[in-house]
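Q: Below is target-v8.txt; it holds compact mmCIF, C-alpha atoms.
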# COMPACT_ATOMS: atom_id res chain seq x y z
CA MET I 1 151.17 63.44 125.95
CA ALA I 2 150.16 66.81 127.34
CA MET I 3 147.02 66.90 129.47
CA THR I 4 144.05 68.94 128.33
CA PRO I 5 142.81 71.87 130.42
CA GLY I 6 139.73 69.82 131.29
CA LYS I 7 141.80 67.00 132.77
CA LEU I 8 143.91 69.48 134.72
CA VAL I 9 140.74 70.95 136.25
CA TRP I 10 139.50 67.49 137.26
CA ILE I 11 142.88 66.60 138.79
CA ALA I 12 142.95 69.87 140.71
CA PHE I 13 139.40 69.31 141.97
CA ALA I 14 140.19 65.72 142.99
CA TRP I 15 143.30 66.86 144.85
CA LEU I 16 141.26 69.56 146.64
CA TRP I 17 138.54 67.04 147.59
CA PHE I 18 141.09 64.58 148.92
CA SER I 19 143.02 67.27 150.82
CA ILE I 20 139.85 68.51 152.54
CA ALA I 21 138.72 64.95 153.31
CA ALA I 22 142.12 64.23 154.86
CA GLY I 23 142.03 67.44 156.90
CA TRP I 24 145.06 68.99 155.18
CA ILE I 25 142.90 71.90 154.02
CA LYS I 26 139.97 73.16 156.11
CA ILE I 27 137.12 75.43 155.08
CA PRO I 28 136.41 78.15 157.66
CA LEU I 29 132.83 78.51 158.86
CA PRO I 30 130.98 81.86 158.95
CA TYR I 31 130.23 83.98 162.02
CA PRO I 32 129.54 83.25 164.84
CA ALA I 33 131.76 80.18 164.34
CA VAL I 34 134.91 82.26 164.83
CA ASP I 35 138.11 80.32 164.07
CA GLN I 36 136.06 77.16 163.45
CA TYR I 37 136.29 74.89 160.42
CA ALA I 38 134.47 72.01 158.74
CA ASN I 39 136.38 68.94 159.91
CA PRO I 40 136.62 65.35 158.68
CA THR I 41 134.42 63.01 160.70
CA PRO I 42 134.41 59.24 161.30
CA GLN I 43 132.21 57.32 158.87
CA HIS I 44 129.91 56.19 161.68
CA VAL I 45 129.05 59.83 162.45
CA TYR I 46 128.28 61.34 159.03
CA PRO I 47 126.44 60.81 156.84
CA TRP I 48 123.40 60.10 158.99
CA ARG I 49 121.75 56.70 158.67
CA PRO I 50 118.22 57.18 160.00
CA SER I 51 115.58 54.49 160.21
CA ARG I 52 112.94 54.48 157.50
CA LEU I 53 109.39 55.68 157.99
CA ASP I 54 107.75 53.24 155.57
CA LYS I 55 108.79 49.98 157.22
CA GLY I 56 110.38 48.52 160.31
CA LEU I 57 110.19 49.81 163.86
CA PHE I 58 109.46 53.42 162.87
CA LYS I 59 106.82 52.73 160.26
CA ILE I 60 104.15 55.37 160.82
CA ARG I 61 101.01 53.80 162.22
CA THR I 62 99.63 56.54 164.48
CA LYS I 63 99.09 60.10 163.26
CA LEU I 64 99.81 62.82 165.79
CA ASN I 65 96.61 64.84 165.90
CA ALA I 66 97.17 67.57 168.48
CA THR I 67 95.16 70.57 169.61
CA ARG I 68 96.78 73.97 169.17
CA LEU I 69 96.92 76.48 172.00
CA PHE I 70 97.53 80.24 172.09
CA GLU I 71 97.95 80.75 168.34
CA GLY I 72 99.54 84.13 167.65
CA GLN I 73 100.23 84.73 171.37
CA ILE I 74 103.59 82.98 171.75
CA SER I 75 106.69 82.73 169.57
CA GLY I 76 109.13 79.83 169.57
CA SER I 77 108.42 78.39 173.01
CA GLU I 78 111.11 75.71 173.30
CA SER I 79 109.83 74.49 176.65
CA VAL I 80 106.48 74.21 178.39
CA THR I 81 106.05 73.38 182.06
CA MET I 82 103.62 73.70 184.97
CA THR I 83 103.76 75.43 188.33
CA ALA I 84 102.75 73.64 191.50
CA ASP I 85 99.42 75.50 191.49
CA GLY I 86 98.59 74.49 187.91
CA ARG I 87 99.65 77.51 185.86
CA PHE I 88 100.98 76.72 182.39
CA ILE I 89 104.39 78.31 181.71
CA MET I 90 106.00 79.06 178.33
CA LEU I 91 109.24 80.83 177.41
CA ASP I 92 109.30 82.58 174.07
CA ARG I 93 112.40 83.17 171.98
CA TYR I 94 112.49 86.89 172.81
CA GLY I 95 113.06 86.23 176.51
CA ALA I 96 109.52 86.61 177.88
CA VAL I 97 108.10 84.15 180.42
CA LYS I 98 104.39 83.78 179.77
CA GLU I 99 101.73 82.07 181.82
CA ALA I 100 98.26 80.74 181.27
CA SER I 101 95.71 79.38 183.69
CA LYS I 102 92.41 77.53 183.48
CA ASP I 103 89.25 79.57 183.07
CA PRO I 104 87.04 78.50 186.00
CA ASN I 105 83.95 78.58 183.78
CA THR I 106 85.17 76.80 180.64
CA GLY I 107 88.14 74.83 181.99
CA GLU I 108 90.23 76.01 179.02
CA MET I 109 93.69 77.57 179.32
CA VAL I 110 93.70 81.36 178.94
CA MET I 111 96.89 83.32 178.35
CA ASN I 112 97.71 86.18 180.70
CA PRO I 113 98.31 89.13 178.33
CA LYS I 114 101.03 90.47 180.63
CA PRO I 115 104.28 88.42 180.70
CA LEU I 116 105.21 86.98 184.06
CA ALA I 117 108.82 88.15 183.61
CA TYR I 118 111.42 89.22 181.09
CA LEU I 119 114.73 87.36 181.20
CA GLY I 120 116.83 89.86 179.27
CA PRO I 121 118.83 89.30 176.07
CA GLY I 122 119.32 85.63 175.27
CA ARG I 123 117.40 82.53 174.22
CA PRO I 124 115.63 80.49 176.92
CA LEU I 125 115.49 76.77 176.11
CA GLY I 126 115.00 74.06 178.75
CA ALA I 127 113.27 75.04 182.00
CA LYS I 128 112.10 73.33 185.21
CA TYR I 129 110.91 74.33 188.66
CA ASP I 130 113.03 73.37 191.64
CA ALA I 131 111.74 72.34 195.07
CA HIS I 132 111.70 75.96 196.22
CA GLY I 133 109.52 77.26 193.39
CA ASN I 134 112.37 78.86 191.45
CA LEU I 135 112.22 78.47 187.68
CA VAL I 136 115.64 77.21 186.55
CA ILE I 137 116.33 77.96 182.89
CA CYS I 138 118.96 77.04 180.35
CA ASP I 139 119.64 80.23 178.41
CA ALA I 140 121.74 79.40 175.36
CA PHE I 141 123.40 82.82 175.46
CA LYS I 142 123.71 83.66 179.17
CA GLY I 143 124.17 80.26 180.79
CA LEU I 144 122.24 78.54 183.58
CA ILE I 145 119.92 81.12 185.14
CA MET I 146 117.11 81.18 187.68
CA LEU I 147 113.91 83.19 187.92
CA GLU I 148 113.68 83.60 191.67
CA ALA I 149 110.39 82.72 193.33
CA GLY I 150 108.56 85.66 194.85
CA THR I 151 110.79 88.40 193.46
CA ASN I 152 111.07 87.35 189.76
CA ARG I 153 114.70 88.39 190.00
CA VAL I 154 116.89 86.84 187.29
CA VAL I 155 119.92 85.17 188.89
CA LEU I 156 122.91 83.83 186.97
CA LEU I 157 123.82 80.46 188.49
CA THR I 158 126.76 79.55 186.27
CA ASN I 159 128.36 80.09 182.89
CA HIS I 160 131.78 78.63 183.70
CA ILE I 161 133.29 75.29 184.74
CA SER I 162 134.80 75.45 188.22
CA SER I 163 138.48 74.92 188.92
CA THR I 164 137.53 71.89 191.05
CA SER I 165 136.00 70.00 188.12
CA PRO I 166 137.92 66.78 187.39
CA LEU I 167 137.26 67.31 183.67
CA GLU I 168 137.91 70.46 181.65
CA PRO I 169 138.24 72.90 184.60
CA ASN I 170 138.14 76.67 184.05
CA THR I 171 136.41 76.44 180.67
CA PRO I 172 133.42 78.52 179.54
CA VAL I 173 129.89 77.24 179.12
CA THR I 174 128.92 78.43 175.66
CA TYR I 175 125.60 76.82 174.70
CA THR I 176 123.38 75.90 177.67
CA ASN I 177 120.47 73.82 176.41
CA ASP I 178 118.41 71.56 178.70
CA LEU I 179 118.27 70.44 182.32
CA ASP I 180 116.80 68.21 184.96
CA ILE I 181 116.90 68.62 188.75
CA ALA I 182 117.66 65.85 191.25
CA THR I 183 115.94 65.51 194.62
CA ASP I 184 119.10 66.76 196.36
CA GLY I 185 118.97 69.96 194.27
CA THR I 186 121.78 69.09 191.85
CA ILE I 187 121.06 70.49 188.40
CA TYR I 188 122.21 68.35 185.49
CA PHE I 189 122.35 70.29 182.23
CA THR I 190 123.83 70.17 178.76
CA ASP I 191 126.37 72.41 177.03
CA SER I 192 125.67 71.56 173.41
CA ALA I 193 128.47 73.10 171.36
CA ASP I 194 131.40 75.51 171.50
CA ILE I 195 129.71 78.01 169.17
CA ASN I 196 127.75 80.65 171.06
CA PRO I 197 124.40 81.64 169.51
CA HIS I 198 124.22 85.16 168.15
CA ARG I 199 121.35 87.58 167.58
CA ASN I 200 120.01 87.56 164.05
CA ALA I 201 117.58 89.82 162.24
CA GLN I 202 114.09 88.49 161.75
CA HIS I 203 113.23 89.46 158.24
CA VAL I 204 111.10 88.59 155.26
CA ASN I 205 113.79 88.43 152.57
CA ASN I 206 115.48 85.20 153.78
CA VAL I 207 118.96 86.72 153.48
CA THR I 208 121.15 86.14 156.51
CA HIS I 209 122.26 89.07 158.68
CA ILE I 210 120.50 91.80 156.69
CA VAL I 211 118.49 93.93 159.10
CA SER I 212 114.85 94.35 158.14
CA ILE I 213 114.01 97.90 157.04
CA LYS I 214 110.68 97.33 158.80
CA GLY I 215 112.53 97.15 162.10
CA VAL I 216 111.27 93.68 163.05
CA SER I 217 113.18 92.58 166.13
CA GLY I 218 115.62 89.70 165.94
CA TYR I 219 116.34 86.90 168.38
CA TYR I 220 119.23 84.70 169.46
CA ASP I 221 119.33 82.03 166.78
CA THR I 222 120.02 78.64 168.34
CA VAL I 223 119.12 76.79 165.14
CA LYS I 224 121.98 78.52 163.36
CA GLY I 225 124.24 77.72 166.30
CA TRP I 226 123.28 74.04 166.07
CA ALA I 227 123.74 74.03 162.28
CA LEU I 228 127.24 75.51 162.49
CA GLY I 229 128.18 72.96 165.15
CA MET I 230 126.90 70.18 162.92
CA LEU I 231 128.86 71.52 159.94
CA GLN I 232 131.93 71.75 162.15
CA GLY I 233 131.76 68.01 162.78
CA LEU I 234 133.46 67.87 166.19
CA PRO I 235 132.10 66.27 169.39
CA LYS I 236 132.02 69.36 171.59
CA GLY I 237 128.86 68.61 173.60
CA ARG I 238 129.04 68.05 177.37
CA LEU I 239 126.92 66.98 180.32
CA LEU I 240 127.42 69.26 183.32
CA ALA I 241 126.33 69.38 186.94
CA TYR I 242 125.68 72.46 189.06
CA TYR I 243 125.84 71.89 192.82
CA PRO I 244 123.79 74.57 194.64
CA HIS I 245 125.27 73.81 198.07
CA ASN I 246 128.71 75.11 197.03
CA LYS I 247 127.82 76.83 193.72
CA THR I 248 130.31 74.80 191.68
CA THR I 249 129.94 73.43 188.17
CA HIS I 250 131.56 70.17 187.06
CA VAL I 251 131.81 68.31 183.77
CA ILE I 252 130.26 64.84 184.15
CA SER I 253 130.87 63.64 180.60
CA TRP I 254 131.99 65.10 177.28
CA GLY I 255 132.56 64.23 173.62
CA PHE I 256 128.98 64.37 172.32
CA TYR I 257 127.86 65.46 168.88
CA TYR I 258 125.48 68.11 170.23
CA SER I 259 124.26 67.09 173.66
CA ASN I 260 120.66 68.23 173.93
CA GLY I 261 117.74 67.08 176.07
CA VAL I 262 118.44 65.53 179.48
CA ALA I 263 116.22 63.65 181.94
CA LEU I 264 117.06 61.85 185.16
CA SER I 265 116.23 58.18 185.55
CA GLN I 266 113.74 57.22 188.22
CA ASP I 267 116.48 56.12 190.62
CA GLU I 268 118.61 59.19 189.73
CA ARG I 269 121.69 57.04 189.16
CA SER I 270 121.84 58.07 185.50
CA VAL I 271 120.41 60.52 182.99
CA ALA I 272 119.01 59.94 179.53
CA LEU I 273 120.63 62.34 177.05
CA CYS I 274 119.69 63.15 173.47
CA GLU I 275 122.77 63.23 171.24
CA THR I 276 121.16 65.11 168.38
CA ASP I 277 123.79 64.71 165.67
CA ARG I 278 124.12 60.96 166.27
CA LEU I 279 120.33 60.39 166.09
CA ARG I 280 120.28 58.58 169.42
CA VAL I 281 119.45 58.66 173.10
CA LEU I 282 122.15 57.66 175.60
CA ARG I 283 122.23 56.68 179.24
CA ILE I 284 124.99 58.52 181.12
CA HIS I 285 125.94 57.12 184.52
CA LEU I 286 126.28 59.67 187.32
CA PRO I 287 128.65 59.87 190.29
CA PRO I 288 129.21 57.94 192.51
CA HIS I 289 128.44 55.10 190.08
CA GLU I 290 131.57 53.13 189.21
CA ARG I 291 130.92 53.90 185.53
CA ALA I 292 130.26 57.60 186.15
CA GLY I 293 130.54 59.59 182.94
CA MET I 294 130.32 56.50 180.72
CA SER I 295 127.41 55.87 178.40
CA ASP I 296 125.14 53.15 177.01
CA ILE I 297 122.76 53.43 174.07
CA ILE I 298 119.04 53.47 174.94
CA ILE I 299 117.81 53.84 171.36
CA ASP I 300 119.56 54.86 168.14
CA LYS I 301 119.14 55.22 164.37
CA LEU I 302 116.19 57.51 165.02
CA PRO I 303 114.29 58.78 161.95
CA GLY I 304 114.73 62.39 163.03
CA THR I 305 116.96 64.62 165.13
CA PRO I 306 116.19 64.13 168.85
CA ASP I 307 115.83 67.35 170.82
CA GLY I 308 114.08 67.27 174.19
CA ILE I 309 113.46 64.40 176.59
CA SER I 310 111.35 64.13 179.74
CA ARG I 311 110.34 61.33 182.04
CA SER I 312 106.78 60.06 181.74
CA ALA I 313 104.38 60.33 184.63
CA ASP I 314 104.80 56.66 185.55
CA GLY I 315 108.57 57.17 185.85
CA GLN I 316 109.29 54.07 183.78
CA SER I 317 109.84 55.64 180.36
CA TYR I 318 110.72 58.82 178.49
CA TRP I 319 109.04 61.10 175.98
CA VAL I 320 111.51 62.10 173.24
CA SER I 321 110.76 64.85 170.72
CA LEU I 322 112.25 64.68 167.22
CA VAL I 323 112.42 68.26 166.04
CA ALA I 324 113.21 67.56 162.36
CA ASN I 325 113.20 64.66 159.98
CA ILE I 326 116.21 63.73 157.86
CA PRO I 327 116.13 64.99 154.25
CA SER I 328 117.94 63.12 151.52
CA PHE I 329 120.58 65.81 150.93
CA THR I 330 122.24 64.89 154.25
CA LYS I 331 123.75 61.86 152.53
CA TRP I 332 126.52 64.25 151.44
CA PHE I 333 127.40 65.32 154.99
CA GLY I 334 130.25 62.87 155.16
CA SER I 335 132.26 65.33 153.08
CA PRO I 336 133.77 68.30 154.99
CA LEU I 337 133.89 70.12 151.64
CA VAL I 338 130.11 69.89 151.31
CA ARG I 339 129.55 70.90 154.94
CA GLY I 340 132.02 73.77 154.68
CA LEU I 341 130.45 75.19 151.53
CA LEU I 342 126.93 74.75 152.88
CA GLY I 343 127.72 77.14 155.71
CA HIS I 344 128.37 79.94 153.23
CA ILE I 345 125.30 79.45 151.02
CA PRO I 346 122.59 82.10 151.64
CA GLU I 347 119.69 80.69 153.61
CA ASN I 348 117.17 81.16 150.80
CA LEU I 349 119.32 79.02 148.48
CA ARG I 350 119.95 76.15 150.89
CA PRO I 351 118.00 72.88 150.72
CA GLN I 352 115.03 73.13 153.06
CA VAL I 353 114.07 70.67 155.76
CA PRO I 354 110.33 69.81 155.61
CA THR I 355 108.31 70.70 158.69
CA TRP I 356 106.91 67.86 160.74
CA GLY I 357 105.91 67.03 164.31
CA ALA I 358 107.13 63.81 165.93
CA VAL I 359 107.44 62.37 169.42
CA LEU I 360 108.14 58.90 170.77
CA LYS I 361 107.90 57.11 174.08
CA VAL I 362 110.66 54.68 175.02
CA THR I 363 111.48 52.67 178.13
CA GLU I 364 114.79 52.93 179.97
CA SER I 365 115.76 49.63 178.34
CA GLY I 366 115.05 50.97 174.85
CA GLN I 367 111.63 49.45 174.09
CA LEU I 368 109.58 51.72 171.82
CA LEU I 369 106.07 52.22 173.24
CA GLN I 370 104.62 55.11 171.22
CA TRP I 371 105.51 56.65 167.87
CA LEU I 372 103.39 59.67 166.95
CA VAL I 373 103.94 61.65 163.75
CA ASP I 374 102.32 64.64 162.07
CA LEU I 375 104.14 64.43 158.74
CA LYS I 376 103.05 67.87 157.55
CA GLY I 377 103.27 69.66 160.89
CA GLU I 378 99.62 70.66 160.74
CA THR I 379 98.72 70.36 164.45
CA ALA I 380 102.18 70.19 166.04
CA SER I 381 105.41 71.18 164.34
CA LYS I 382 109.14 71.26 165.08
CA ILE I 383 108.52 69.81 168.53
CA PRO I 384 111.52 70.52 170.79
CA SER I 385 110.00 69.27 174.05
CA ALA I 386 107.13 67.27 175.51
CA HIS I 387 105.73 67.61 179.04
CA GLU I 388 103.23 65.15 180.54
CA GLU I 389 100.78 66.60 183.05
CA ASP I 390 97.27 65.65 184.22
CA GLY I 391 96.51 63.26 181.39
CA ARG I 392 97.84 65.50 178.66
CA LEU I 393 101.08 65.62 176.72
CA TYR I 394 102.04 69.22 175.96
CA PHE I 395 104.42 70.15 173.13
CA GLY I 396 106.68 73.15 172.72
CA ASN I 397 107.22 74.63 169.28
CA LEU I 398 110.70 75.67 168.15
CA ALA I 399 109.69 78.24 165.56
CA GLY I 400 105.89 78.52 165.45
CA ASP I 401 103.44 80.88 167.11
CA TYR I 402 101.58 78.26 169.14
CA VAL I 403 102.02 75.23 171.39
CA SER I 404 100.00 72.01 171.34
CA TYR I 405 98.76 69.07 173.35
CA VAL I 406 97.20 65.63 173.00
CA ASN I 407 95.01 63.80 175.49
CA LEU I 408 96.84 60.63 176.46
CA ALA I 409 93.54 58.79 176.74
CA ASP I 410 93.12 59.25 172.96
CA LEU I 411 96.38 57.42 172.18
CA PRO I 412 96.54 53.69 171.49
CA PRO I 413 97.80 51.53 174.36
CA ASP I 414 101.59 51.53 174.81
CA GLY I 415 103.22 49.14 172.36
CA SER I 416 100.05 48.28 170.45
CA GLN I 417 101.03 50.22 167.31
CA ILE I 418 104.69 49.26 167.26
CA GLY I 419 106.04 46.51 165.00
CA ASP I 420 109.02 45.43 162.90
CA ASP I 421 107.28 44.93 159.55
Please render this file's structure as structure tokens.

A:
Amino acid sequence: MAMTPGKLVWIAFAWLWFSIAAGWIKIPLPYPAVDQYANPTPQHVYPWRPSRLDKGLFKIRTKLNATRLFEGQISGSESVTMTADGRFIMLDRYGAVKEASKDPNTGEMVMNPKPLAYLGPGRPLGAKYDAHGNLVICDAFKGLIMLEAGTNRVVLLTNHISSTSPLEPNTPVTYTNDLDIATDGTIYFTDSADINPHRNAQHVNNVTHIVSIKGVSGYYDTVKGWALGMLQGLPKGRLLAYYPHNKTTHVISWGFYYSNGVALSQDERSVALCETDRLRVLRIHLPPHERAGMSDIIIDKLPGTPDGISRSADGQSYWVSLVANIPSFTKWFGSPLVRGLLGHIPENLRPQVPTWGAVLKVTESGQLLQWLVDLKGETASKIPSAHEEDGRLYFGNLAGDYVSYVNLADLPPDGSQIGDD
């Protein structure tokens, strides 16, 4: 019996779905993911399986009620940090380094209207001061750079893996993201993906790559770079080390689904690393440990995508920021067909991720101590980093025009609001 046209269409579609799932046919991704495709992934990677917010360990019991700072004076400050003399430092997404200091009369932070420095084209993300007062910065576009103390000269430290690296020598660094600095000066930093961020147009029509007729300046879009890496579905993230004494860069570990925030342990024998697209925080052992480069899970099945991580003031735990929660449409991400097509849908037609603000505190052994959530992102939103200083916890803001903080004294005691019900 001859098949109807309808059945032939269904057979053709089923064959296409199976061929893409098997990797026989691959859907190319859009620019800047040149020669990249949506790939099949293991079932334990996609779709995501986050913890629920209405019960269990991550049931919301404490609302994050932060205080906003510098509204309308900063744009997309991924990181916030402090100088040794107490100045508050922010890096906006257009490459400006901005500073604020306490008003001696009111005690409140006041923004200096003149930027401290301009870093040039790129997107500054993680940043920390070294022992010499230099501001070391992960620039997603340029590489690992340094704002030199005293001169404010921008110095490129590295954007390439050295030939002496035991892993992946002579390879480019394409997506520098976050860092921490050891007491011996070694800089441990992440290379998140093999898709370099590109400069977009900031516009009001929500259509990708169409330049605004109003001439609004664009910026290097790391969110799009992350999204394309996620749609690609390959573990291209790495943990790197830059050694200032001989100016070499080595790969410490590789094979992460978007390696993001990094923070040294108190004894500096390991780092905690946020693997964003696996919804977990890992411990990576460092040389000369016998398990150097190998990992253990600190905490996983997070209810949002982990971004930044920093050690708490007591040195015994970490603050982890979850930049976005997990919408229901991600249940289809196991299909490379869905991920491949999603990359070509105009931004204004894509499913939107609700804005929230979330941060947690976890010990090195994985015990959850604090879980703070602003479900609507009213006082803190899209938090990419958290920095503890002088009794306050300061938050960066990935896309907004302000940063925030909470007074730690206003939080419930560690562990008191955490349960398994």

Q: Give me, as a Markdown table, the closest atom pair and its distance (Å, one decimal) for every residue of segment 66-144 of chain I within a cut-off of 12 Å of segment 258-280 of chain I, counting only C-alpha atoms, rows sorted by chain and rising number.

A:
| residue | atom | partner | partner_atom | distance |
| --- | --- | --- | --- | --- |
| I:Glu78 | CA | I:Gly261 | CA | 11.2 |
| I:Ser79 | CA | I:Gly261 | CA | 10.9 |
| I:Leu125 | CA | I:Gly261 | CA | 9.9 |
| I:Gly126 | CA | I:Gly261 | CA | 8.0 |
| I:Ala127 | CA | I:Gly261 | CA | 10.9 |
| I:Lys128 | CA | I:Ala263 | CA | 11.0 |
| I:Cys138 | CA | I:Gly261 | CA | 10.9 |
| I:Ala140 | CA | I:Asn260 | CA | 11.3 |

Q: Check the smallest atom-to-atom distance from each of I:Lys382, I:Arg311, I:Arg291, I:Lys331 to Gly357 of chain I using all atoms listed in the file, then report the winner.

A: I:Lys382

Q: So, counting all atoms listed in the file, which residue among I:Val320, I:Val80, I:Ala193, I:Val251 is closest to His160 of chain I?

A: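 Checking each candidate against His160 of chain I, we get I:Val251 as the closest.
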
Q: Between segment 270-389 of chain I and segment 83-93 of chain I, at 12 Å or less, what are the per-residue closest atom pairs and their distances in Å? Count only C-alpha atoms, order by chain and rising residue number, and return it as a Markdown table.

A:
| residue | atom | partner | partner_atom | distance |
| --- | --- | --- | --- | --- |
| I:Ser385 | CA | I:Met90 | CA | 11.4 |
| I:His387 | CA | I:Phe88 | CA | 10.8 |
| I:Glu388 | CA | I:Phe88 | CA | 11.9 |
| I:Glu389 | CA | I:Gly86 | CA | 9.5 |

Q: Of the residues I:Val281, I:Ile345, I:Val136, I:Val353, which is the one nearest to Ser295 of chain I, using only C-alpha atoms?

A: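 Ranked by minimum distance to Ser295 of chain I, first place goes to I:Val281.
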
Q: Considering only C-alpha atoms, return as a count of residues only whatever protein or nucleic-acid residues lie within 9 Å of Gly150 of chain I, sequence-local ones (same chain, fewer than 3 positions apart) excluded.

A: 3

Q: What does the distance between atom CA of Val223 of chain I and atom CA of Leu398 of chain I come to in Å, to one decimal place?

A: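 These two atoms are separated by 9.0 Å.
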
Q: Give the answer as one residue: which of I:Pro30, I:Lys55, I:Pro327, I:Ile284 has the shortest atom-to-atom distance to Pro346 of chain I, using all atoms listed in the file?

A: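 Smallest distance to Pro346 of chain I is found for I:Pro30.
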
Q: Looking at all atoms listed in the file, which of I:Leu53, I:Met294, I:Ala38, I:Ile27 is the one that sits closest to Phe333 of chain I?

A: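 Among the listed residues, I:Ala38 lies closest to Phe333 of chain I.
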
Q: Mind pulling up the distance from atom CA of Glu168 of chain I to atom CA of Ile195 of chain I?

A: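 Result for atom CA of Ile195 of chain I versus atom CA of Glu168 of chain I: 16.7 Å, one decimal.
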
Q: Name the residues in contact with Met111 of chain I at a cut-off of 8 Å, using all atoms listed in the file, excluding same-chain residues fewer than 2 positions from it; report them as an NGL selection string.

A: :I and (70 or 73 or 98-101 or 109 or 113)

Q: Rank I:Phe141, I:Tyr129, I:Phe329, I:Tyr46 by their smallest atom-to-atom distance to Gly225 of chain I, using all atoms listed in the file, and report the top residue only.

A: I:Phe141

Q: With a distance cut-off of 10 Å and all atoms listed in the file, select the neighbouring residues of Asp420 of chain I, excluding the residue or stretch itself and same-chain residues fewer than 2 positions from it, and output the selection as an MDAnalysis selection string.

A: chainID I and resid 55:59 418
